[in-house]
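Undergrad: Attaching a single structure in structure tokens format; questions to follow.
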Amino acid sequence: MDKANAAAGMGTRRFGRVNWLGLWTLSEREIMRFVLVWSQTLAAPLATAALFLGVFALAIGPDRETVMGVPFIHFLAPGILMMTVIQNAFANTSSSILISKVQGNIVDTLMPPLSPLELLLGYTAGGVVRGLLVALLVAVPMLLVLGIGLAHPLWALVFVLLGSALLSGLGIVAAIFANKFDQMAAITNFIVTPLSFLSGTFYSIERLPQTMQTVTHFNPVFYLIDGVRYGIIGQSDSSPWLGLAVCSAVTAAVMALCWYWFRTGYRMKA
């Protein structure tokens, strides 16, 4: 091959339309990141969820009036489950990218022949798998101990997947935007935590003033928690179909932003 042909071949993508090996490798890396420290990433969320339920059960006691026709602890359990899932999905992608940026080895991810979509799917896979595992580890003992069945298991699974994907995407956005750990801490403390706590996790929004009810309906996390609640106890504050539409649209928008930032190298490339 002469020099002209060799030069023409430089930079040519040789993996077909999708670099399956690269995508699998990145996904595996993101999954193994949290599996290897399972005591922090899987066992700790289970303990946190159990503490939330235990404290509320002891503080409120058995005389608490029902909510949506079910005991309060049964109403509370799906909210705790979903809150735990989304917090861990967010933490998985945000910590991975931010640590790479701070340590200066983000180039190891940007240099391989991975397209923006493959980068997005690889990072998201880690967050979604972590969210699903956390959901399974929290849900099984919680449902067995409380004696709760699954009213609509497919709806519960759909919203767990959507929630994991959405918060994985938000974790990517936050990590790309932040350059320091204190910036990420501010995003977590002032955006992610309020969104999860003020979304009907611990209460039905019917108890809120009308203005606050309206504001809550603009919070996508509300639909995630409400959808999982519908899937587990069969009761919700809004239609699960509305929640599915809202969460799907927001997830698509967040993923589009992630793809665009990966494509342009925003705040990642010098």
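Ordered as shown in the structure tokens, chains take letters A, B, and onward, while each chain numbers its residues from 1 and ligands are numbered from 1 in the order shown.
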For Met268 of chain A, please output as a list in words all residues within 8 Å (counting only C-alpha atoms; exclusion window: fewer than 6 positions along the same chain).
TA: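 In the requested form, the answer reads Lys101, Ile106 and Ile176 of chain A.
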Undergrad: Hey, which of A:Pro112, A:Gly127, A:Pro209, A:Gly16 ends up closest to Asn92 of chain A? Count only C-alpha atoms.
TA: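 Using only C-alpha atoms, Asn92 of chain A sits closest to A:Gly127.
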Undergrad: So that I can check the secondary structure, give me every residue of segment 21-51 of chain A assigned alpha helix (DSSP H) by backbone DSSP, as an NGL selection string.
TA: :A and (21-35 or 38 or 44-51)
Undergrad: Select, from A:Gly104, A:Gly122, A:Pro116, A:Gly79, the residue with the minimum atom-to-atom distance to Arg263 of chain A, counting only C-alpha atoms.
TA: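 Distance minimum relative to Arg263 of chain A lands on A:Pro116.
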Undergrad: Using only C-alpha atoms, which residue out of A:Val221, A:Leu110, A:Leu81, A:Leu198 lies closest to Tyr266 of chain A?
TA: A:Leu110
Undergrad: Would you compute the distance between atom CA of Gly169 of chain A and atom CA of Ala151 of chain A? Give it in Å to one decimal.
TA: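 Those two atoms sit 28.7 Å apart.
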Undergrad: Neighbouring residues of Ser96 of chain A were defined as those with any atom within 9 Å, considering only C-alpha atoms; residues of the same chain fewer than 3 positions away were excluded. Please report them as number ranges by chain.
TA: A: 30, 33, 91-93, 99-101, 123, 172, 175
Undergrad: Could you tell me which of A:Ser115, A:Ile97, A:Thr251, A:Ile187 comes closest to Thr264 of chain A if we count only C-alpha atoms?
TA: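 Using only C-alpha atoms, Thr264 of chain A sits closest to A:Ser115.
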Undergrad: So the first atom is atom CA of Val128 of chain A and the second is atom CA of Ser164 of chain A; what is the distance between them in Å, to one decimal place?
TA: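 Computed distance, atom CA of Val128 of chain A to atom CA of Ser164 of chain A, equals 4.8 Å.
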Undergrad: Neighbouring residues of Ala125 of chain A were defined as those with any atom within 9 Å, considering only C-alpha atoms; residues of the same chain fewer than 6 positions away were excluded. Please report them as a count of residues only.
TA: 7
Undergrad: What is the distance between atom CA of Asp237 of chain A and atom CA of Ser196 of chain A, in Å to one decimal?
TA: 15.9 Å
Undergrad: Which neighbours of Val70 of chain A fall inside 10 Å, counting only C-alpha atoms, when residues of the same chain fewer than 6 positions from it are skipped, and could you give them as a PyMOL selection string?
TA: chain A and resi 76+233-235
Undergrad: Next, the residues of the selection above should be written as a PDB file, in the first residue's frame with N, CA, C and O atoms.
TA:
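Result written to part-v3.pdb:
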```
ATOM      1  N   LEU A  76     -45.526   3.910  51.958  1.00  0.00           N
ATOM      2  CA  LEU A  76     -44.186   4.477  52.021  1.00  0.00           C
ATOM      3  C   LEU A  76     -43.147   3.616  51.307  1.00  0.00           C
ATOM      4  O   LEU A  76     -42.219   4.141  50.687  1.00  0.00           O
ATOM      5  N   ILE A 233     -48.495  -1.319  44.857  1.00  0.00           N
ATOM      6  CA  ILE A 233     -49.729  -1.375  45.655  1.00  0.00           C
ATOM      7  C   ILE A 233     -50.982  -1.124  44.829  1.00  0.00           C
ATOM      8  O   ILE A 233     -52.095  -1.209  45.345  1.00  0.00           O
ATOM      9  N   GLY A 234     -50.812  -0.767  43.550  1.00  0.00           N
ATOM     10  CA  GLY A 234     -51.973  -0.566  42.689  1.00  0.00           C
ATOM     11  C   GLY A 234     -52.656   0.766  42.867  1.00  0.00           C
ATOM     12  O   GLY A 234     -53.759   0.964  42.339  1.00  0.00           O
ATOM     13  N   GLN A 235     -52.053   1.703  43.614  1.00  0.00           N
ATOM     14  CA  GLN A 235     -52.638   3.022  43.849  1.00  0.00           C
ATOM     15  C   GLN A 235     -51.626   4.101  43.471  1.00  0.00           C
ATOM     16  O   GLN A 235     -50.421   3.909  43.653  1.00  0.00           O
TER      17      GLN A 235
END
```
Undergrad: Would you please work out which residue, of A:Leu242, A:Leu58, A:Val35, A:Leu119, is nearest to Leu23 of chain A when using only C-alpha atoms?
TA: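 Closest candidate: A:Leu119.
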Undergrad: Considering only C-alpha atoms, return as a PyMOL selection string whatever protein or nucleic-acid residues lie within 8 Å of Gly231 of chain A, sequence-local ones (same chain, fewer than 5 positions apart) excluded.
TA: chain A and resi 150-157
Undergrad: Could you name the residues that touch segment 83-86 of chain A at 9 Å or less, counting only C-alpha atoms, but leaving out those on the same chain fewer than 5 positions away, as an NGL selection string?
TA: :A and (45-46 or 48-49 or 78 or 91 or 130-135 or 138 or 160 or 163-168 or 196-197 or 201 or 221 or 225)
